>>> print(open('my_file20.cif').read())   # mmCIF, C-alpha atoms and all ligand atoms
data_data
loop_
_atom_site.label_atom_id
_atom_site.label_comp_id
_atom_site.auth_asym_id
_atom_site.auth_seq_id
_atom_site.Cartn_x
_atom_site.Cartn_y
_atom_site.Cartn_z
CA MET A 773 -37.18 47.71 77.56
CA LYS A 774 -36.08 46.35 74.24
CA ASN A 775 -34.63 49.07 72.02
CA ILE A 776 -32.54 51.53 73.99
CA LEU A 777 -31.15 54.76 72.51
CA VAL A 778 -27.94 55.75 74.29
CA THR A 779 -27.11 59.33 73.32
CA GLY A 780 -23.52 60.53 73.80
CA GLY A 781 -22.47 56.87 73.79
CA ALA A 782 -19.16 57.59 72.03
CA GLY A 783 -17.92 59.71 74.94
CA PHE A 784 -16.19 58.67 78.13
CA ILE A 785 -18.98 57.50 80.46
CA GLY A 786 -21.48 56.82 77.67
CA SER A 787 -19.13 54.32 76.02
CA ALA A 788 -18.55 52.53 79.34
CA PHE A 789 -22.35 52.31 79.65
CA VAL A 790 -22.73 50.98 76.09
CA ARG A 791 -20.07 48.30 76.71
CA HIS A 792 -21.79 47.36 79.98
CA MET A 793 -25.28 47.16 78.47
CA VAL A 794 -24.30 45.29 75.29
CA ASN A 795 -22.53 42.63 77.37
CA THR A 796 -25.02 42.43 80.26
CA TYR A 797 -28.29 42.40 78.31
CA PRO A 798 -27.97 40.37 75.08
CA ASP A 799 -31.75 40.63 74.58
CA TYR A 800 -31.71 44.46 74.44
CA ASN A 801 -30.80 46.34 71.28
CA ILE A 802 -28.41 49.16 72.13
CA ILE A 803 -28.46 52.00 69.62
CA CYS A 804 -25.70 54.52 70.21
CA TYR A 805 -26.53 58.03 68.93
CA ASP A 806 -23.69 60.53 68.95
CA LYS A 807 -22.72 63.74 67.14
CA LEU A 808 -19.02 62.84 67.36
CA THR A 809 -17.84 66.22 68.60
CA TYR A 810 -14.17 66.61 69.58
CA ALA A 811 -15.00 64.42 72.63
CA GLY A 812 -16.77 61.63 70.75
CA ASN A 813 -14.49 58.82 69.65
CA MET A 814 -15.33 55.61 67.79
CA ASP A 815 -12.20 53.99 69.30
CA ASN A 816 -14.13 53.99 72.60
CA LEU A 817 -16.62 51.55 71.06
CA LEU A 818 -14.23 49.13 69.34
CA ASP A 819 -14.92 46.42 71.95
CA VAL A 820 -18.59 46.21 70.95
CA SER A 821 -18.54 47.22 67.29
CA ASP A 822 -19.13 43.66 66.04
CA GLU A 823 -21.81 42.71 68.57
CA GLU A 824 -25.22 41.80 67.16
CA ASN A 825 -27.21 43.86 69.66
CA TYR A 826 -25.29 47.10 68.98
CA ARG A 827 -25.82 49.80 66.33
CA PHE A 828 -24.33 53.27 65.82
CA GLU A 829 -26.07 56.36 64.39
CA ARG A 830 -24.28 59.65 63.96
CA GLY A 831 -26.50 62.59 64.91
CA ASP A 832 -27.09 65.65 67.04
CA ILE A 833 -29.65 65.44 69.87
CA ALA A 834 -30.72 68.98 68.94
CA ASP A 835 -31.51 67.91 65.35
CA ARG A 836 -35.25 67.31 65.60
CA ALA A 837 -35.67 65.59 62.23
CA LYS A 838 -32.76 63.20 62.80
CA VAL A 839 -33.92 62.36 66.32
CA GLN A 840 -37.45 61.71 65.04
CA GLN A 841 -36.17 59.48 62.24
CA THR A 842 -33.87 57.51 64.57
CA LEU A 843 -36.60 56.92 67.17
CA ALA A 844 -38.93 55.59 64.46
CA GLU A 845 -36.39 53.53 62.52
CA HIS A 846 -35.16 51.65 65.60
CA GLN A 847 -38.55 51.54 67.38
CA ILE A 848 -36.95 53.10 70.43
CA ASP A 849 -38.80 52.51 73.72
CA THR A 850 -36.15 53.81 76.14
CA ILE A 851 -33.69 56.73 76.06
CA VAL A 852 -30.57 57.15 78.20
CA ASN A 853 -29.06 60.59 77.63
CA PHE A 854 -25.32 61.05 78.19
CA ALA A 855 -24.87 63.55 75.35
CA ALA A 856 -23.42 66.82 76.61
CA GLU A 857 -20.70 69.35 76.32
CA SER A 858 -18.92 68.39 79.51
CA HIS A 859 -15.79 70.46 80.21
CA VAL A 860 -16.04 73.42 82.63
CA ASP A 861 -13.00 75.26 81.20
CA ARG A 862 -14.42 75.13 77.67
CA SER A 863 -17.76 76.44 78.99
CA ILE A 864 -15.91 79.45 80.43
CA LEU A 865 -14.15 80.11 77.11
CA ASP A 866 -17.42 79.79 75.12
CA PRO A 867 -20.80 78.74 76.59
CA ASP A 868 -22.59 78.55 73.22
CA ALA A 869 -22.30 74.81 72.50
CA PHE A 870 -23.34 74.09 76.11
CA ILE A 871 -26.69 75.81 75.64
CA HIS A 872 -27.16 74.04 72.28
CA THR A 873 -26.62 70.52 73.62
CA ASP A 874 -27.17 70.54 77.38
CA VAL A 875 -30.34 72.67 77.27
CA VAL A 876 -31.86 72.74 73.75
CA GLY A 877 -30.71 69.21 72.88
CA VAL A 878 -32.21 67.75 76.06
CA TYR A 879 -35.50 69.54 75.30
CA ILE A 880 -35.64 68.19 71.72
CA LEU A 881 -34.87 64.66 72.91
CA LEU A 882 -37.62 64.88 75.55
CA ASP A 883 -40.10 66.38 73.14
CA GLU A 884 -39.53 63.90 70.33
CA GLY A 885 -39.35 61.07 72.86
CA ARG A 886 -42.76 62.02 74.25
CA LYS A 887 -44.34 62.33 70.78
CA HIS A 888 -42.89 58.97 69.77
CA GLY A 889 -44.26 57.32 72.95
CA VAL A 890 -40.93 56.46 74.55
CA GLY A 891 -41.35 54.79 77.93
CA ARG A 892 -38.48 55.49 80.29
CA PHE A 893 -36.22 58.51 79.79
CA CYS A 894 -33.06 58.35 81.93
CA HIS A 895 -31.11 61.59 82.05
CA VAL A 896 -27.48 61.71 83.16
CA SER A 897 -26.73 64.83 85.20
CA THR A 898 -23.99 65.95 87.57
CA ASP A 899 -23.22 66.97 91.16
CA GLU A 900 -22.19 70.37 89.76
CA VAL A 901 -25.85 71.46 89.70
CA TYR A 902 -25.66 71.82 93.52
CA GLY A 903 -22.78 74.29 93.23
CA ASP A 904 -20.04 74.85 95.78
CA ILE A 905 -20.62 72.84 99.00
CA GLU A 906 -18.80 74.47 101.87
CA ASP A 907 -19.46 71.58 104.23
CA GLY A 908 -21.75 68.57 104.56
CA LEU A 909 -23.10 66.40 101.76
CA SER A 910 -25.58 67.24 99.00
CA VAL A 911 -28.87 65.32 99.07
CA GLU A 912 -31.25 65.06 96.15
CA ASP A 913 -33.73 67.67 97.43
CA ASP A 914 -31.09 70.38 97.88
CA ARG A 915 -31.52 73.53 95.82
CA PHE A 916 -29.58 74.09 92.59
CA LEU A 917 -26.87 76.76 92.72
CA PRO A 918 -24.78 76.14 89.57
CA ASN A 919 -21.77 78.43 89.12
CA SER A 920 -20.18 77.68 85.73
CA PRO A 921 -21.90 77.90 82.33
CA TYR A 922 -21.48 74.10 82.17
CA ALA A 923 -23.21 73.54 85.52
CA ALA A 924 -25.96 76.04 84.67
CA SER A 925 -26.64 74.37 81.32
CA LYS A 926 -26.82 70.94 82.98
CA ALA A 927 -29.22 72.37 85.59
CA GLY A 928 -31.37 73.84 82.80
CA GLY A 929 -31.58 70.52 80.96
CA GLU A 930 -32.37 68.67 84.15
CA LEU A 931 -35.18 71.07 85.05
CA MET A 932 -36.71 70.46 81.62
CA VAL A 933 -36.66 66.71 82.37
CA ARG A 934 -38.54 67.46 85.59
CA ALA A 935 -41.08 69.60 83.71
CA TYR A 936 -41.78 66.79 81.21
CA ASN A 937 -42.40 64.42 84.11
CA VAL A 938 -44.72 66.76 86.01
CA THR A 939 -46.53 68.34 83.05
CA TYR A 940 -46.81 65.46 80.59
CA GLY A 941 -46.45 62.48 82.92
CA MET A 942 -43.35 61.29 81.07
CA ASP A 943 -41.54 58.43 82.82
CA THR A 944 -38.23 60.11 83.69
CA VAL A 945 -35.35 59.40 86.08
CA VAL A 946 -32.20 61.45 86.66
CA THR A 947 -28.73 60.50 87.88
CA ARG A 948 -26.30 63.03 89.36
CA GLY A 949 -22.80 61.60 89.17
CA SER A 950 -19.73 62.89 90.92
CA ASN A 951 -16.33 63.47 89.23
CA THR A 952 -15.68 60.36 87.18
CA TYR A 953 -12.34 58.90 86.11
CA GLY A 954 -11.05 55.82 84.29
CA PRO A 955 -9.97 54.60 80.84
CA TYR A 956 -11.08 56.41 77.63
CA GLN A 957 -11.54 59.83 79.29
CA TYR A 958 -10.67 62.71 76.98
CA PRO A 959 -7.31 64.04 78.21
CA GLU A 960 -8.61 67.51 79.08
CA LYS A 961 -10.05 66.46 82.46
CA LEU A 962 -7.79 66.47 85.52
CA ILE A 963 -6.80 62.80 85.85
CA PRO A 964 -6.17 61.82 82.19
CA PHE A 965 -4.67 65.26 81.43
CA PHE A 966 -2.16 65.15 84.28
CA THR A 967 -1.37 61.46 83.71
CA THR A 968 -0.61 61.87 80.01
CA GLU A 969 1.29 65.14 80.53
CA ALA A 970 3.39 63.58 83.31
CA ILE A 971 4.23 60.58 81.11
CA ASP A 972 5.84 63.16 78.78
CA ASP A 973 7.49 65.07 81.68
CA LYS A 974 5.40 68.16 80.95
CA PRO A 975 4.32 70.68 83.64
CA LEU A 976 1.02 69.99 85.44
CA PRO A 977 -0.99 73.25 85.71
CA LEU A 978 -2.73 72.96 89.07
CA TYR A 979 -5.30 75.73 89.59
CA GLY A 980 -4.80 77.97 92.62
CA ASP A 981 -3.67 76.27 95.82
CA GLY A 982 -4.82 72.80 94.69
CA LYS A 983 -6.91 72.45 97.85
CA GLN A 984 -10.20 72.17 95.97
CA VAL A 985 -12.09 68.99 96.82
CA ARG A 986 -13.68 66.61 94.33
CA ASP A 987 -15.52 63.35 95.04
CA TRP A 988 -14.08 60.69 92.69
CA LEU A 989 -16.09 57.84 91.16
CA TYR A 990 -14.70 55.07 88.92
CA VAL A 991 -16.30 55.01 85.46
CA ASP A 992 -17.57 51.40 85.55
CA ASP A 993 -19.29 52.09 88.89
CA HIS A 994 -20.90 55.16 87.31
CA ALA A 995 -22.12 53.07 84.34
CA ARG A 996 -23.56 50.40 86.65
CA GLY A 997 -25.24 53.12 88.70
CA VAL A 998 -27.04 54.44 85.63
CA ASP A 999 -28.16 50.86 84.87
CA VAL A 1000 -29.58 50.50 88.41
CA VAL A 1001 -31.48 53.80 88.20
CA LEU A 1002 -32.69 53.02 84.67
CA HIS A 1003 -34.19 49.71 85.83
CA LYS A 1004 -35.19 50.44 89.42
CA GLY A 1005 -35.48 54.21 89.85
CA GLU A 1006 -38.86 55.69 90.68
CA SER A 1007 -40.40 57.88 88.01
CA GLY A 1008 -39.82 61.59 88.62
CA GLU A 1009 -36.92 60.97 91.02
CA ALA A 1010 -33.24 61.96 90.91
CA TYR A 1011 -30.41 59.87 92.40
CA ASN A 1012 -26.91 60.94 93.45
CA LEU A 1013 -24.23 58.59 92.09
CA ALA A 1014 -21.62 59.66 94.62
CA GLY A 1015 -18.11 58.28 94.84
CA GLU A 1016 -18.13 59.10 98.57
CA ASN A 1017 -14.41 59.56 98.15
CA GLN A 1018 -13.36 63.18 98.67
CA ARG A 1019 -9.81 64.22 97.76
CA PHE A 1020 -7.85 67.45 97.43
CA ASN A 1021 -6.69 68.03 93.84
CA ILE A 1022 -3.10 68.30 95.05
CA ASP A 1023 -3.33 64.84 96.64
CA VAL A 1024 -4.78 63.28 93.49
CA THR A 1025 -1.95 64.89 91.52
CA LYS A 1026 0.74 63.56 93.86
CA ARG A 1027 -0.82 60.12 93.68
CA ILE A 1028 -0.64 60.09 89.88
CA LEU A 1029 3.02 61.18 90.03
CA SER A 1030 3.90 58.50 92.54
CA ILE A 1031 2.30 55.72 90.45
CA LEU A 1032 4.24 57.00 87.41
CA ASP A 1033 7.40 57.46 89.48
CA LYS A 1034 7.69 61.09 88.32
CA PRO A 1035 8.91 64.06 90.43
CA GLU A 1036 6.55 66.46 92.23
CA SER A 1037 8.50 69.30 90.67
CA LEU A 1038 6.29 68.82 87.57
CA VAL A 1039 3.44 70.51 89.50
CA LYS A 1040 3.01 74.22 88.64
CA HIS A 1041 0.54 76.30 90.60
CA VAL A 1042 -1.18 78.48 87.99
CA PRO A 1043 -3.85 81.23 88.22
CA ASP A 1044 -7.17 79.74 89.29
CA ARG A 1045 -10.17 78.85 87.09
CA GLU A 1046 -12.74 81.69 87.13
CA GLY A 1047 -15.69 80.97 89.48
CA HIS A 1048 -13.95 77.75 90.59
CA ASP A 1049 -16.13 75.65 92.91
CA ARG A 1050 -14.11 74.77 95.98
CA ARG A 1051 -15.83 71.55 96.92
CA TYR A 1052 -18.35 68.99 95.68
CA ALA A 1053 -19.57 66.24 97.98
CA MET A 1054 -22.71 64.11 97.92
CA THR A 1055 -24.24 61.19 99.76
CA ALA A 1056 -25.35 58.07 97.84
CA GLU A 1057 -27.85 56.93 100.51
CA LYS A 1058 -30.86 57.09 98.20
CA VAL A 1059 -29.41 55.06 95.31
CA ARG A 1060 -27.94 52.50 97.72
CA ASP A 1061 -31.54 51.60 98.58
CA LEU A 1062 -31.97 50.55 94.93
CA GLY A 1063 -29.05 48.14 95.35
CA TRP A 1064 -26.11 50.09 93.85
CA VAL A 1065 -22.75 48.94 95.21
CA ARG A 1066 -19.44 50.47 94.06
CA GLU A 1067 -16.80 47.89 93.12
CA TYR A 1068 -13.80 50.24 93.00
CA ASP A 1069 -12.23 52.15 95.88
CA PHE A 1070 -9.89 55.01 94.93
CA ASP A 1071 -6.66 53.03 95.39
CA LYS A 1072 -7.77 50.31 93.00
CA GLY A 1073 -9.37 52.76 90.56
CA ILE A 1074 -6.48 55.19 90.26
CA GLU A 1075 -3.88 52.41 89.85
CA ALA A 1076 -5.97 50.78 87.10
CA THR A 1077 -6.53 54.14 85.40
CA VAL A 1078 -2.94 55.39 85.36
CA LYS A 1079 -1.77 51.98 84.19
CA TRP A 1080 -4.33 52.05 81.36
CA TYR A 1081 -2.98 55.39 80.04
CA MET A 1082 0.57 54.04 80.30
CA GLU A 1083 -0.39 50.99 78.24
CA ASN A 1084 -2.70 52.69 75.73
CA GLU A 1085 -0.73 55.50 74.18
CA TRP A 1086 -2.28 54.51 70.79
CA TRP A 1087 -5.57 55.86 72.18
CA TRP A 1088 -4.50 59.27 73.56
CA ARG A 1089 -1.51 60.32 71.45
CA LYS A 1090 -3.62 60.82 68.34
CA ILE A 1091 -6.11 62.94 70.35
CA LYS A 1092 -3.38 65.29 71.55
CA THR A 1093 -3.04 66.95 68.14
CA GLY A 1094 -4.94 69.58 66.12
CA GLU A 1095 -7.97 70.95 67.99
CA TYR A 1096 -6.63 69.68 71.30
CA LEU A 1097 -3.45 71.73 70.94
CA GLU A 1098 -5.50 74.83 70.10
CA PHE A 1099 -7.48 74.39 73.31
CA TYR A 1100 -4.30 73.71 75.30
CA LYS A 1101 -2.77 76.94 74.05
CA GLN A 1102 -5.85 79.00 74.84
CA GLN A 1103 -6.31 77.49 78.28
CA TYR A 1104 -2.76 77.06 79.55
CA SER A 1105 -0.13 79.12 77.67
CA GLU A 1106 -0.58 82.32 79.65
CA ARG A 1107 -1.27 80.50 82.89
CA LEU A 1108 1.93 78.47 82.66
CA ALA A 1109 3.94 81.53 81.63
CA SER A 1110 2.76 83.43 84.70
CA ALA A 1111 3.51 80.40 86.89
CA ASP A 1112 7.10 80.44 85.65
CA GLU A 1113 7.46 84.09 86.62
CA SER A 1114 6.26 83.51 90.20
P1 LIG A 1201 -17.72 63.37 77.16
O1 LIG A 1201 -17.46 64.82 76.87
O2 LIG A 1201 -16.59 62.41 77.23
O3 LIG A 1201 -18.72 62.79 76.04
C1 LIG A 1201 -19.83 63.49 75.59
C2 LIG A 1201 -20.36 62.76 74.34
O4 LIG A 1201 -21.54 63.44 73.89
C3 LIG A 1201 -19.36 62.76 73.17
O5 LIG A 1201 -19.33 61.49 72.58
C4 LIG A 1201 -19.96 63.78 72.21
O6 LIG A 1201 -19.64 63.51 70.85
C5 LIG A 1201 -21.44 63.63 72.48
N1 LIG A 1201 -22.22 64.83 72.14
C6 LIG A 1201 -21.94 66.13 72.46
N2 LIG A 1201 -22.87 66.94 71.96
C7 LIG A 1201 -23.78 66.15 71.32
C8 LIG A 1201 -24.99 66.41 70.63
N3 LIG A 1201 -25.45 67.65 70.46
N4 LIG A 1201 -25.67 65.35 70.12
C9 LIG A 1201 -25.21 64.09 70.25
N5 LIG A 1201 -24.07 63.79 70.89
C10 LIG A 1201 -23.36 64.81 71.42
O7 LIG A 1201 -18.59 63.38 78.47
P2 LIG A 1201 -18.62 62.34 79.70
O8 LIG A 1201 -17.57 62.72 80.66
O9 LIG A 1201 -18.68 60.95 79.19
O10 LIG A 1201 -20.02 62.73 80.35
C11 LIG A 1201 -21.20 62.06 79.96
C12 LIG A 1201 -22.37 62.65 80.74
O11 LIG A 1201 -22.12 62.48 82.14
C13 LIG A 1201 -22.57 64.14 80.51
O12 LIG A 1201 -23.94 64.39 80.45
C14 LIG A 1201 -21.95 64.78 81.74
O13 LIG A 1201 -22.59 66.01 82.04
C15 LIG A 1201 -22.22 63.73 82.80
N6 LIG A 1201 -21.27 63.68 83.93
C16 LIG A 1201 -19.92 63.61 83.71
C17 LIG A 1201 -19.04 63.52 84.80
C18 LIG A 1201 -17.54 63.42 84.61
O14 LIG A 1201 -16.81 63.51 85.60
N7 LIG A 1201 -17.04 63.22 83.41
C19 LIG A 1201 -19.56 63.51 86.09
C20 LIG A 1201 -20.95 63.57 86.28
C21 LIG A 1201 -21.80 63.64 85.18
P1 LIG A 1202 -12.07 68.71 85.94
O1 LIG A 1202 -11.48 67.36 85.64
O2 LIG A 1202 -12.07 69.74 84.87
O3 LIG A 1202 -13.54 68.43 86.49
P2 LIG A 1202 -14.59 69.46 87.20
O4 LIG A 1202 -14.22 70.85 86.86
O5 LIG A 1202 -15.85 69.05 86.52
O6 LIG A 1202 -14.57 69.16 88.64
O7 LIG A 1202 -11.30 69.31 87.18
C1 LIG A 1202 -11.22 68.63 88.41
C2 LIG A 1202 -10.53 69.55 89.40
O8 LIG A 1202 -9.18 69.73 88.99
C3 LIG A 1202 -11.15 70.94 89.46
O9 LIG A 1202 -11.12 71.41 90.81
C4 LIG A 1202 -10.23 71.78 88.59
C5 LIG A 1202 -8.87 71.11 88.78
N1 LIG A 1202 -7.99 71.22 87.60
C6 LIG A 1202 -6.72 71.80 87.72
O10 LIG A 1202 -6.29 72.22 88.82
N2 LIG A 1202 -5.94 71.92 86.60
C7 LIG A 1202 -6.35 71.50 85.38
O11 LIG A 1202 -5.62 71.65 84.39
C8 LIG A 1202 -7.65 70.88 85.28
C9 LIG A 1202 -8.17 70.35 83.95
C10 LIG A 1202 -8.42 70.75 86.41
#
>>> encode(input="my_file20.cif", output="structure tokens")
Amino acid sequence: MKNILVTGGAGFIGSAFVRHMVNTYPDYNIICYDKLTYAGNMDNLLDVSDEENYRFERGDIADRAKVQQTLAEHQIDTIVNFAAESHVDRSILDPDAFIHTDVVGVYILLDEGRKHGVGRFCHVSTDEVYGDIEDGLSVEDDRFLPNSPYAASKAGGELMVRAYNVTYGMDTVVTRGSNTYGPYQYPEKLIPFFTTEAIDDKPLPLYGDGKQVRDWLYVDDHARGVDVVLHKGESGEAYNLAGENQRFNIDVTKRILSILDKPESLVKHVPDREGHDRRYAMTAEKVRDLGWVREYDFDKGIEATVKWYMENEWWWRKIKTGEYLEFYKQQYSERLASADES
């Protein structure tokens, strides 16, 4: 590996991975390729912007000509794909962009990568492909039962990665991460959304009874996990990057409020998300054998995260304008109004 294309590197987890790779491997060239959608943010990359082994290219992974040109210009030998539309609620409002990026985009990246002679292709996927897990823990060979348009589009992209491995012998690996949290996460996802809303004493719209379970993983552990799989994963294999840290949403919410010293009366139970998966839970046995060790437990991770949003209002206040407010209105206005009536 010498010239690594990191797609979606201006997003939440992708930017943590770029920072990690630029600092850990000075002899690699890290080329970040990102469309800069509403979720892409150059502020996420400020820490590395002056580093010699880092470059940025703006582009869409579904733009064949631009992908082709970028692979050639930077003599790319390795691709790590984080690029995706990533928010379940937005996929319910409009699945279109999810098919464009998470299915078609992944196919174009694979296809151009193969033609260009790229070696390793590491694809970042999600535990949501397994669907709702009533009990037990998902293992890598479990069947896919995605329930949201987001999860289905991620499953589609991942299956195309598998096909390129089996059919064309492409050197692919896949990671399936669990719910990730930490600094620089777009404030539409549960933890940064509730943290930044609570800082402003705004209501926290908790879906349904709040007893849904998610398995939380700190972002730097996720980034290191992708590094481990990229370097040590076996071609054709998928690896669960599990937090092995299951929590009820209501408990995560109360924890955020207690760190901020805000009252629990901010919590509003609102009508549930359509098709809402009750529980995700995976085991990380397989990737542990490659040497992955998490450095953050939930106590340390959530404290560090909430503190970061408290100290970095410059980062999130300018996001919570314009398009963000449109989405907020569409997603929450009616829900919060009906919560007030109940
Ligand atoms: P994010 O939404 O913060 O960032 C996505 C990035 O991809 C943005 O920078 C965006 O501009 C870019 N992008 C979107 N469409 C693009 C396109 N067509 N071409 C090029 N760039 C494009 O997402 P994230 O939370 O950092 O997630 C990164 C990856 O990890 C995704 O593939 C997601 O499915 C996966 N994942 C996320 C979580 C989580 O909890 N956030 C958990 C498991 C897996
Ligand atoms: P989210 O961060 O959107 O991640 P995912 O849907 O990929 O798991 O949501 C995490 C959990 O929090 C999920 O069970 C939905 C719930 N949730 C709420 O209750 N209210 C909200 O406003 C949001 C964004 C999420």
>>> closest_residue(input="my_file20.cif", among="A:Gly982, A:Pro977, A:Pro921, A:Pro1043", to="ligand LIG 1201 (chain A)", atoms="all atoms listed in the file")
A:Pro921
>>> residues_around(input="my_file20.cif", residues="range 996-1002 of chain A", least_positions_apart="6", cutoff="9 Å", atoms="all atoms listed in the file", output="PyMOL selection string")
chain A and resi 789+792-793+852+892-896+945-947+949+1010-1011+1013+1059+1062-1066
>>> residues_near_ligand(input="my_file20.cif", ligand="ligand LIG 1201 (chain A)", cutoff="8 Å", atoms="all atoms listed in the file", output="count of residues only")
53
>>> closest_atom_pairs(input="my_file20.cif", of="chain A", to="ligand LIG 1202 (chain A)", cutoff="7 Å", atoms="all atoms listed in the file", output="tab-separated table")
residue	atom	partner	partner_atom	distance
A:His859	CA	A:LIG1202	O2	6.0
A:Val860	CA	A:LIG1202	O4	5.3
A:Asp861	CA	A:LIG1202	O2	6.7
A:Asn951	CA	A:LIG1202	O6	6.0
A:Glu960	CA	A:LIG1202	C9	5.7
A:Lys961	CA	A:LIG1202	O1	3.6
A:Leu962	CA	A:LIG1202	O1	3.8
A:Ile963	CA	A:LIG1202	O1	6.5
A:Phe965	CA	A:LIG1202	C9	6.7
A:Leu976	CA	A:LIG1202	O11	6.9
A:Pro977	CA	A:LIG1202	O11	5.1
A:Leu978	CA	A:LIG1202	O10	3.6
A:Tyr979	CA	A:LIG1202	O10	3.7
A:Gly982	CA	A:LIG1202	O10	6.1
A:Gln984	CA	A:LIG1202	O9	5.3
A:Val985	CA	A:LIG1202	O9	6.6
A:Arg986	CA	A:LIG1202	O6	6.3
A:Asn1021	CA	A:LIG1202	O8	5.7
A:His1048	CA	A:LIG1202	O9	6.9
A:Asp1049	CA	A:LIG1202	O9	6.9
A:Arg1050	CA	A:LIG1202	O9	6.9
>>> closest_residue(input="my_file20.cif", among="A:Val790, A:Ala1014, A:Ala970, A:Leu777", to="Ala1053 in chain A", atoms="only C-alpha atoms")
A:Ala1014
>>> residues_around(input="my_file20.cif", residues="Tyr990 in chain A", least_positions_apart="4", cutoff="10 Å", atoms="all atoms listed in the file", output="ChimeraX atom specification")
/A:785,950-955,994-995,1015,1066-1070,1072-1074,1076-1077
>>> atom_distance(input="my_file20.cif", atom1="CA of Ala927 in chain A", atom2="CA of Tyr902 in chain A")
8.7 Å
>>> closest_residue(input="my_file20.cif", among="A:Lys1079, A:His846, A:Lys1101, A:Arg1107", to="Ile1031 in chain A", atoms="only C-alpha atoms")
A:Lys1079
>>> closest_residue(input="my_file20.cif", among="A:Leu865, A:Leu909, A:Met814, A:Arg836", to="Gln1102 in chain A", atoms="only C-alpha atoms")
A:Leu865
>>> atom_distance(input="my_file20.cif", atom1="CA of Val911 in chain A", atom2="CA of Val1024 in chain A")
24.8 Å
>>> closest_residue(input="my_file20.cif", among="A:Met932, A:Asp819, A:Glu1095, A:Ile971", to="Ser1030 in chain A", atoms="all atoms listed in the file")
A:Ile971
>>> atom_distance(input="my_file20.cif", atom1="CA of Phe1020 in chain A", atom2="CA of Asn816 in chain A")
28.9 Å
>>> closest_residue(input="my_file20.cif", among="A:Glu1046, A:Asp868, A:Asp1033, A:Asp815", to="Lys1090 in chain A", atoms="all atoms listed in the file")
A:Asp815
>>> residues_around(input="my_file20.cif", residues="Thr850 in chain A", least_positions_apart="6", cutoff="10 Å", atoms="only C-alpha atoms", output="compact mmCIF listing (two decimals) with C-alpha atoms, in the coordinates of the input")
# COMPACT_ATOMS: atom_id res chain seq x y z
CA MET A 773 -37.18 47.71 77.56
CA LYS A 774 -36.08 46.35 74.24
CA ASN A 775 -34.63 49.07 72.02
CA ILE A 776 -32.54 51.53 73.99
CA LEU A 777 -31.15 54.76 72.51
CA VAL A 778 -27.94 55.75 74.29
CA ILE A 802 -28.41 49.16 72.13
CA LEU A 843 -36.60 56.92 67.17
CA GLY A 885 -39.35 61.07 72.86
CA GLY A 889 -44.26 57.32 72.95
CA VAL A 890 -40.93 56.46 74.55
CA GLY A 891 -41.35 54.79 77.93
CA ARG A 892 -38.48 55.49 80.29
CA PHE A 893 -36.22 58.51 79.79
CA CYS A 894 -33.06 58.35 81.93
CA ASP A 943 -41.54 58.43 82.82
CA LEU A 1002 -32.69 53.02 84.67
